[in-house]
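Peer 1: Just passing along the structure, written as structure tokens.
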Amino acid sequence: MAANGSREKVDVLVYGPSKPVIDNGFPANFVLHKFENHRDLSRLAPEIAGRIRGIAVTGLVSTDGATLSRFPKVEIVSSFGVGYDHVDAKYAAEHNIIVANTPDVLTEEVADTALGLLIATVREFIKADRYLRAGHWTTKGFPLSPGSLRDRKVGMVGMGRIGQAIARRLDASLVPVVYHSRNPAKGVTYKHYPNLIEMATDVDTLIAITPGGPSTAKMINAEVLKALGPRGVFINVARGSVADEDALIAALKDGTIMAAGLDVFANEPEVPDALKAMQNVVLLPHIASASVTTRNAMDQLVVDNLKLWFSGKAPLTPIAETPVKGR
């Protein structure tokens with residue numbers, strides 16, 4: 001049962017990277033216990049674990065059932081990010097723990113990144129930058145880019161809030177859009193493909209912006225990449241788990257597809273040397289939402305969800321698996 005009023009002390013675990021907005025965002029009645037990783041968490045005294053009632057997950061640190069089970073009084077997990085595959089939502093639902101995430105505040109930032117990554121990839125902007133810095137422009141012009149948005153058709157893998165924001169940007173760029181998702185998205189007029197292979201065959205560009213987790217693991221596989229074809233470009237701003245990384249590397253090496261732009265990887269922050277060596281890949285260190293403005297807004301929402309819950313109100317953004325009832 002949540003605290004009423006502002007005087008009762010509330011013990012909160014801050015789990016993940018230290019962030020000023022979160023570290024300094026709680027009123028005096030909140031007692032914060034900060035641990036950056038699972039190894040640090042192993043040092044948490046059992047008597048303190050028994051007092052924890054809220055958890056602020058500040059990064060993509062694994063918050064599985066075994067972790068949650070250490071806190072018998074936990075009521076709510078407020079997690080940083082729109083994706084929450086690092087939190088065991090099934091365990092939380094079974095134990096009446098509310099899970100909240102941080103959607104909406106990052107939608108436009110991630111959509112900007114996706115479009116920028118797509119353009120940088122098809123137009124080879126990173127390669128051109130290196131060419132100029134190396135002094136080659138003084139001796140000969142940069143080769144014409146083999147890619148362009150002008151003759152492309154984009155297949156969105158996922159059509160949630162961020163997918164729709166990306167599609168709006170593609171509309172403005174006069175690029176046709178279709179999409180694949182488990183079910184048609186409400187209020188969306190783009191053509192829906194129930195079958196991913198069929199969509200990949202009909203387009204030459206895939207943008208993945210679908211949740212992570214077991215249901216989407218390695219859905220961009222060798223068969224999908226083969227269907228995309230030799231003009232194909234794959235952009236991933238979802239989760240590294242969505243793509244079969246070995247199959248993607250092979251497809252880029254042998255020309256099954258033309259290029260890729262990746263903001264996420266299977267084993268972050270480790271990135272395969274094979275990808276780093278390729279000239280037809282643009283690599284970003286998981287920065288789709290990483291502006292000061294947007295990350296501060298995400299951090300603030302982590303704080304606000306906890307503050308609301310412990311003032312007797314519903315959090316702003318509970319996930320569908322753990323709906324708030326009677327609040």
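Chain labels run A, B, ... following the order of the structure tokens; each chain numbers its residues from 1, and ligands are numbered from 1 in the order shown.
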Using only C-alpha atoms, tabulate the residues of stretch 211-325 of chain A lying at most 12 Å from any atom of stretch 46-55 of chain A, each with its closest atom pair and that distance in Å to one decimal, by chain and increasing residue number, as a Markdown table.

Peer 2:
| residue | atom | partner | partner_atom | distance |
| --- | --- | --- | --- | --- |
| A:Val302 | CA | A:Ile55 | CA | 9.6 |
| A:Val303 | CA | A:Ile55 | CA | 10.1 |
| A:Asn305 | CA | A:Gly54 | CA | 10.1 |
| A:Leu306 | CA | A:Gly54 | CA | 7.0 |
| A:Lys307 | CA | A:Gly54 | CA | 9.8 |
| A:Leu308 | CA | A:Gly54 | CA | 11.6 |
| A:Trp309 | CA | A:Gly54 | CA | 9.2 |
| A:Phe310 | CA | A:Gly54 | CA | 8.8 |

Peer 1: Among stretch 50-182 of chain A, which ones does DSSP place in strand (DSSP E or B), written as a PyMOL selection string?

Peer 2: chain A and resi 52-57+63+76-79+87+98-100+154-157+177-180

Peer 1: Could you write out, as a ChimeraX atom specification, all the residues of stretch 122-309 of chain A that DSSP marks as alpha helix (DSSP H)?

Peer 2: /A:122,125-133,161-172,196-202,222-228,245-254,273-277,292-309

Peer 1: For A:Lys226, list every protein, DNA or RNA residue within 6 Å, evaluated using only C-alpha atoms, and leave out those in the same chain fewer than 3 positions away; present the list as a ChimeraX atom specification.

Peer 2: /A:223,229,256

Peer 1: Smallest atom-to-atom distance to A:His180: which of A:Val157, A:Val21, A:Ile209, A:Ala314, using only C-alpha atoms?

Peer 2: A:Val157

Peer 1: Just to confirm, what's the straight-line distance from atom CA of A:Ala200 to atom CA of A:Gly83 in Å (one decimal)?

Peer 2: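 Computing it gives 24.2 Å between the two atoms.
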
Peer 1: Do a neighbour search on A:Glu268 at 12 Å with only C-alpha atoms, toss out local chain neighbours closer than 5 positions, and write the hits as a list of chain:residue names.

Peer 2: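 Near neighbours after the sequence-gap exclusion: A:Leu60, A:Val61, A:Arg239, A:Gly240, A:Ser241, A:Leu262, A:Asp263, A:Leu284, A:Pro285, A:His286.
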
Peer 1: Would you mind exporting all heavy atoms of the selected residues as an mmCIF file, in the first residue's frame?

Peer 2:
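Done, and the output landed in part_32.cif:
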data_model
loop_
_atom_site.group_PDB
_atom_site.id
_atom_site.type_symbol
_atom_site.label_atom_id
_atom_site.label_comp_id
_atom_site.auth_asym_id
_atom_site.auth_seq_id
_atom_site.Cartn_x
_atom_site.Cartn_y
_atom_site.Cartn_z
ATOM 1 N N LEU A 60 19.799 0.154 -18.645
ATOM 2 C CA LEU A 60 19.402 -1.170 -19.101
ATOM 3 C C LEU A 60 20.075 -2.264 -18.281
ATOM 4 O O LEU A 60 20.704 -3.174 -18.813
ATOM 5 C CB LEU A 60 19.741 -1.332 -20.591
ATOM 6 C CG LEU A 60 19.052 -0.353 -21.534
ATOM 7 C CD1 LEU A 60 19.427 -0.650 -22.976
ATOM 8 C CD2 LEU A 60 17.542 -0.393 -21.360
ATOM 9 N N VAL A 61 19.924 -2.163 -16.953
ATOM 10 C CA VAL A 61 20.461 -3.185 -16.061
ATOM 11 C C VAL A 61 19.389 -4.250 -15.839
ATOM 12 O O VAL A 61 18.205 -3.934 -15.716
ATOM 13 C CB VAL A 61 20.902 -2.581 -14.715
ATOM 14 C CG1 VAL A 61 22.163 -1.761 -14.885
ATOM 15 C CG2 VAL A 61 19.791 -1.738 -14.093
ATOM 16 N N ARG A 239 16.287 -2.728 -30.497
ATOM 17 C CA ARG A 239 17.181 -3.422 -29.591
ATOM 18 C C ARG A 239 18.109 -4.282 -30.428
ATOM 19 O O ARG A 239 17.718 -4.786 -31.492
ATOM 20 C CB ARG A 239 16.401 -4.321 -28.623
ATOM 21 C CG ARG A 239 15.697 -3.592 -27.502
ATOM 22 C CD ARG A 239 16.684 -3.163 -26.427
ATOM 23 N NE ARG A 239 15.987 -2.708 -25.220
ATOM 24 C CZ ARG A 239 15.734 -1.444 -24.940
ATOM 25 N NH1 ARG A 239 16.094 -0.498 -25.794
ATOM 26 N NH2 ARG A 239 15.127 -1.109 -23.805
ATOM 27 N N GLY A 240 19.335 -4.503 -29.934
ATOM 28 C CA GLY A 240 20.269 -5.354 -30.647
ATOM 29 C C GLY A 240 19.743 -6.767 -30.807
ATOM 30 O O GLY A 240 20.041 -7.449 -31.798
ATOM 31 N N SER A 241 18.931 -7.207 -29.878
ATOM 32 C CA SER A 241 18.386 -8.571 -29.923
ATOM 33 C C SER A 241 17.435 -8.794 -31.081
ATOM 34 O O SER A 241 17.172 -9.938 -31.460
ATOM 35 C CB SER A 241 17.658 -8.885 -28.614
ATOM 36 O OG SER A 241 16.575 -7.982 -28.407
ATOM 37 N N LEU A 262 23.296 1.196 -37.471
ATOM 38 C CA LEU A 262 22.966 0.513 -36.225
ATOM 39 C C LEU A 262 23.222 1.405 -35.013
ATOM 40 O O LEU A 262 24.330 1.924 -34.846
ATOM 41 C CB LEU A 262 23.792 -0.769 -36.092
ATOM 42 C CG LEU A 262 23.765 -1.728 -37.294
ATOM 43 C CD1 LEU A 262 24.772 -2.858 -37.094
ATOM 44 C CD2 LEU A 262 22.363 -2.279 -37.512
ATOM 45 N N ASP A 263 22.211 1.565 -34.197
ATOM 46 C CA ASP A 263 22.358 2.283 -32.938
ATOM 47 C C ASP A 263 22.400 1.327 -31.763
ATOM 48 O O ASP A 263 22.711 1.730 -30.637
ATOM 49 C CB ASP A 263 21.189 3.258 -32.753
ATOM 50 C CG ASP A 263 21.310 4.096 -31.494
ATOM 51 O OD1 ASP A 263 22.386 4.690 -31.289
ATOM 52 O OD2 ASP A 263 20.344 4.155 -30.709
ATOM 53 N N LEU A 284 26.442 3.727 -34.185
ATOM 54 C CA LEU A 284 26.232 4.705 -33.123
ATOM 55 C C LEU A 284 26.190 3.975 -31.777
ATOM 56 O O LEU A 284 25.674 2.862 -31.694
ATOM 57 C CB LEU A 284 24.912 5.457 -33.328
ATOM 58 C CG LEU A 284 24.721 6.227 -34.632
ATOM 59 C CD1 LEU A 284 23.343 6.905 -34.644
ATOM 60 C CD2 LEU A 284 25.816 7.258 -34.832
ATOM 61 N N PRO A 285 26.681 4.603 -30.714
ATOM 62 C CA PRO A 285 26.746 3.943 -29.400
ATOM 63 C C PRO A 285 25.448 4.079 -28.600
ATOM 64 O O PRO A 285 25.438 4.605 -27.493
ATOM 65 C CB PRO A 285 27.914 4.651 -28.718
ATOM 66 C CG PRO A 285 27.867 6.029 -29.274
ATOM 67 C CD PRO A 285 27.426 5.884 -30.703
ATOM 68 N N HIS A 286 24.349 3.584 -29.153
ATOM 69 C CA HIS A 286 23.033 3.591 -28.500
ATOM 70 C C HIS A 286 22.686 4.994 -27.989
ATOM 71 O O HIS A 286 22.465 5.216 -26.800
ATOM 72 C CB HIS A 286 22.978 2.578 -27.363
ATOM 73 C CG HIS A 286 21.579 2.136 -27.035
ATOM 74 N ND1 HIS A 286 21.284 0.900 -26.532
ATOM 75 C CD2 HIS A 286 20.383 2.772 -27.150
ATOM 76 C CE1 HIS A 286 19.976 0.789 -26.345
ATOM 77 N NE2 HIS A 286 19.401 1.929 -26.715
#

Peer 1: Could you name the residues that touch A:Ile166 at 9 Å or less, counting only C-alpha atoms, but leaving out those on the same chain fewer than 6 positions away, as JSON, numbers by chain?

Peer 2: {"A": [107, 108, 110, 111, 112, 114, 115, 156]}

Peer 1: Of the residues A:His192, A:Arg123, A:Lys19, A:Lys218, which is the one nearest to A:Arg150, using only C-alpha atoms?

Peer 2: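 Comparing A:His192, A:Arg123, A:Lys19, A:Lys218 against A:Arg150, the winner is A:Arg123.
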
Peer 1: Residues within 12 Å of A:Ile22, please, as number ranges by chain. Count only C-alpha atoms; anything in the same chain fewer than 6 positions from it doesn't count.

Peer 2: A: 12-16, 30, 32-34, 55-59, 78-80, 295-307

Peer 1: Next, write the just-selected residues to a file, as a compact mmCIF listing (two decimals), in the first residue's frame, keeping N, CA, C and O atoms as the atom set.

Peer 2:
# COMPACT_ATOMS: atom_id res chain seq x y z
N VAL A 12 13.93 3.68 -1.38
CA VAL A 12 13.94 3.45 -2.83
C VAL A 12 15.33 2.99 -3.26
O VAL A 12 16.34 3.61 -2.88
N LEU A 13 15.36 1.92 -4.03
CA LEU A 13 16.60 1.47 -4.65
C LEU A 13 16.80 2.21 -5.97
O LEU A 13 15.90 2.19 -6.83
N VAL A 14 17.92 2.89 -6.11
CA VAL A 14 18.30 3.50 -7.39
C VAL A 14 19.30 2.55 -8.03
O VAL A 14 20.45 2.46 -7.58
N TYR A 15 18.85 1.87 -9.08
CA TYR A 15 19.61 0.75 -9.64
C TYR A 15 20.05 1.07 -11.06
O TYR A 15 19.24 1.20 -11.97
N GLY A 16 21.35 1.26 -11.24
CA GLY A 16 21.90 1.58 -12.55
C GLY A 16 22.80 2.80 -12.46
O GLY A 16 23.18 3.24 -11.37
N PHE A 30 12.13 10.56 1.01
CA PHE A 30 12.63 9.41 0.25
C PHE A 30 14.07 9.13 0.68
O PHE A 30 14.91 10.04 0.71
N LEU A 32 17.27 7.12 -0.48
CA LEU A 32 17.79 6.46 -1.67
C LEU A 32 18.96 5.55 -1.34
O LEU A 32 19.86 5.93 -0.58
N HIS A 33 18.95 4.37 -1.94
CA HIS A 33 20.04 3.40 -1.80
C HIS A 33 20.55 3.12 -3.21
O HIS A 33 19.84 2.53 -4.03
N LYS A 34 21.78 3.57 -3.52
CA LYS A 34 22.26 3.60 -4.90
C LYS A 34 23.24 2.46 -5.17
O LYS A 34 24.24 2.31 -4.45
N ILE A 55 11.70 0.97 -6.78
CA ILE A 55 12.97 0.81 -7.49
C ILE A 55 12.98 1.75 -8.69
O ILE A 55 12.06 1.73 -9.51
N ALA A 56 14.01 2.56 -8.77
CA ALA A 56 14.26 3.39 -9.95
C ALA A 56 15.35 2.71 -10.76
O ALA A 56 16.50 2.66 -10.32
N VAL A 57 14.99 2.16 -11.90
CA VAL A 57 15.96 1.50 -12.78
C VAL A 57 16.44 2.55 -13.76
O VAL A 57 15.68 3.00 -14.63
N THR A 58 17.70 2.97 -13.65
CA THR A 58 18.18 4.14 -14.37
C THR A 58 18.86 3.83 -15.69
O THR A 58 19.30 4.74 -16.39
N GLY A 59 18.98 2.55 -16.04
CA GLY A 59 19.59 2.15 -17.31
C GLY A 59 19.16 0.74 -17.66
O GLY A 59 18.26 0.18 -17.02
N SER A 78 10.10 1.81 -11.43
CA SER A 78 10.04 2.90 -12.42
C SER A 78 11.31 2.84 -13.25
O SER A 78 12.41 3.10 -12.76
N SER A 79 11.14 2.47 -14.52
CA SER A 79 12.29 2.15 -15.36
C SER A 79 12.54 3.22 -16.42
O SER A 79 11.61 3.71 -17.07
N PHE A 80 13.81 3.53 -16.60
CA PHE A 80 14.26 4.49 -17.62
C PHE A 80 14.18 3.85 -19.01
O PHE A 80 14.70 2.75 -19.21
N ARG A 295 17.05 13.19 -22.35
CA ARG A 295 17.42 12.30 -21.25
C ARG A 295 16.98 12.90 -19.90
O ARG A 295 16.56 12.16 -19.00
N ASN A 296 17.05 14.22 -19.75
CA ASN A 296 16.56 14.82 -18.51
C ASN A 296 15.06 14.60 -18.33
O ASN A 296 14.58 14.33 -17.23
N ALA A 297 14.32 14.69 -19.44
CA ALA A 297 12.88 14.46 -19.37
C ALA A 297 12.57 13.01 -19.02
O ALA A 297 11.63 12.73 -18.26
N MET A 298 13.35 12.08 -19.56
CA MET A 298 13.17 10.67 -19.23
C MET A 298 13.47 10.42 -17.75
O MET A 298 12.72 9.73 -17.05
N ASP A 299 14.59 10.98 -17.27
CA ASP A 299 14.96 10.81 -15.87
C ASP A 299 13.88 11.40 -14.95
O ASP A 299 13.54 10.81 -13.91
N GLN A 300 13.35 12.55 -15.33
CA GLN A 300 12.32 13.18 -14.51
C GLN A 300 11.06 12.33 -14.44
O GLN A 300 10.40 12.25 -13.38
N LEU A 301 10.73 11.65 -15.53
CA LEU A 301 9.55 10.79 -15.53
C LEU A 301 9.76 9.57 -14.62
O LEU A 301 8.81 9.12 -13.97
N VAL A 302 10.99 9.06 -14.56
CA VAL A 302 11.29 7.99 -13.60
C VAL A 302 10.97 8.46 -12.19
O VAL A 302 10.33 7.76 -11.41
N VAL A 303 11.41 9.67 -11.87
CA VAL A 303 11.18 10.24 -10.54
C VAL A 303 9.69 10.48 -10.31
O VAL A 303 9.13 10.12 -9.27
N ASP A 304 9.03 11.09 -11.29
CA ASP A 304 7.63 11.47 -11.12
C ASP A 304 6.74 10.26 -10.90
O ASP A 304 5.79 10.31 -10.10
N ASN A 305 7.01 9.16 -11.60
CA ASN A 305 6.20 7.95 -11.41
C ASN A 305 6.29 7.45 -9.97
O ASN A 305 5.28 7.03 -9.38
N LEU A 306 7.48 7.49 -9.39
CA LEU A 306 7.64 7.05 -8.00
C LEU A 306 7.00 8.03 -7.02
O LEU A 306 6.31 7.63 -6.06
N LYS A 307 7.20 9.31 -7.25
CA LYS A 307 6.62 10.31 -6.35
C LYS A 307 5.10 10.24 -6.35
O LYS A 307 4.45 10.33 -5.29

Peer 1: Check the smallest atom-to-atom distance from each of A:Val99, A:Val154, A:Ala243, A:Ile119 to A:Val87 using only C-alpha atoms, then report the winner.

Peer 2: A:Val99

Peer 1: Taking into account only C-alpha atoms, which residue in the set A:Gly135, A:Pro17, A:Gly155, A:Gly116 is nearest to A:Arg169?

Peer 2: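 Closest to A:Arg169, using only C-alpha atoms: A:Gly116.
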
Peer 1: Between A:Glu245, A:Lys153, A:Val324, A:Gly213, which is the closest to A:Thr201 once you count only C-alpha atoms?

Peer 2: A:Lys153

Peer 1: Near A:Leu248, within 9 Å and counting only C-alpha atoms, which residues show up once chain neighbours fewer than 6 positions away are dropped, as an MDAnalysis selection string?

Peer 2: chainID A and resid 220:222 225 257 260

Peer 1: Let me see the file: selected residues, C-alpha atoms, as an mmCIF file, in the first residue's frame.

Peer 2:
data_model
loop_
_atom_site.group_PDB
_atom_site.id
_atom_site.type_symbol
_atom_site.label_atom_id
_atom_site.label_comp_id
_atom_site.auth_asym_id
_atom_site.auth_seq_id
_atom_site.Cartn_x
_atom_site.Cartn_y
_atom_site.Cartn_z
ATOM 1 C CA ILE A 220 15.671 -9.821 -38.683
ATOM 2 C CA ASN A 221 17.384 -13.033 -39.771
ATOM 3 C CA ALA A 222 19.158 -14.356 -42.841
ATOM 4 C CA LEU A 225 17.895 -9.988 -45.219
ATOM 5 C CA ILE A 257 22.289 -6.272 -48.563
ATOM 6 C CA ALA A 260 23.249 -0.927 -42.399
#
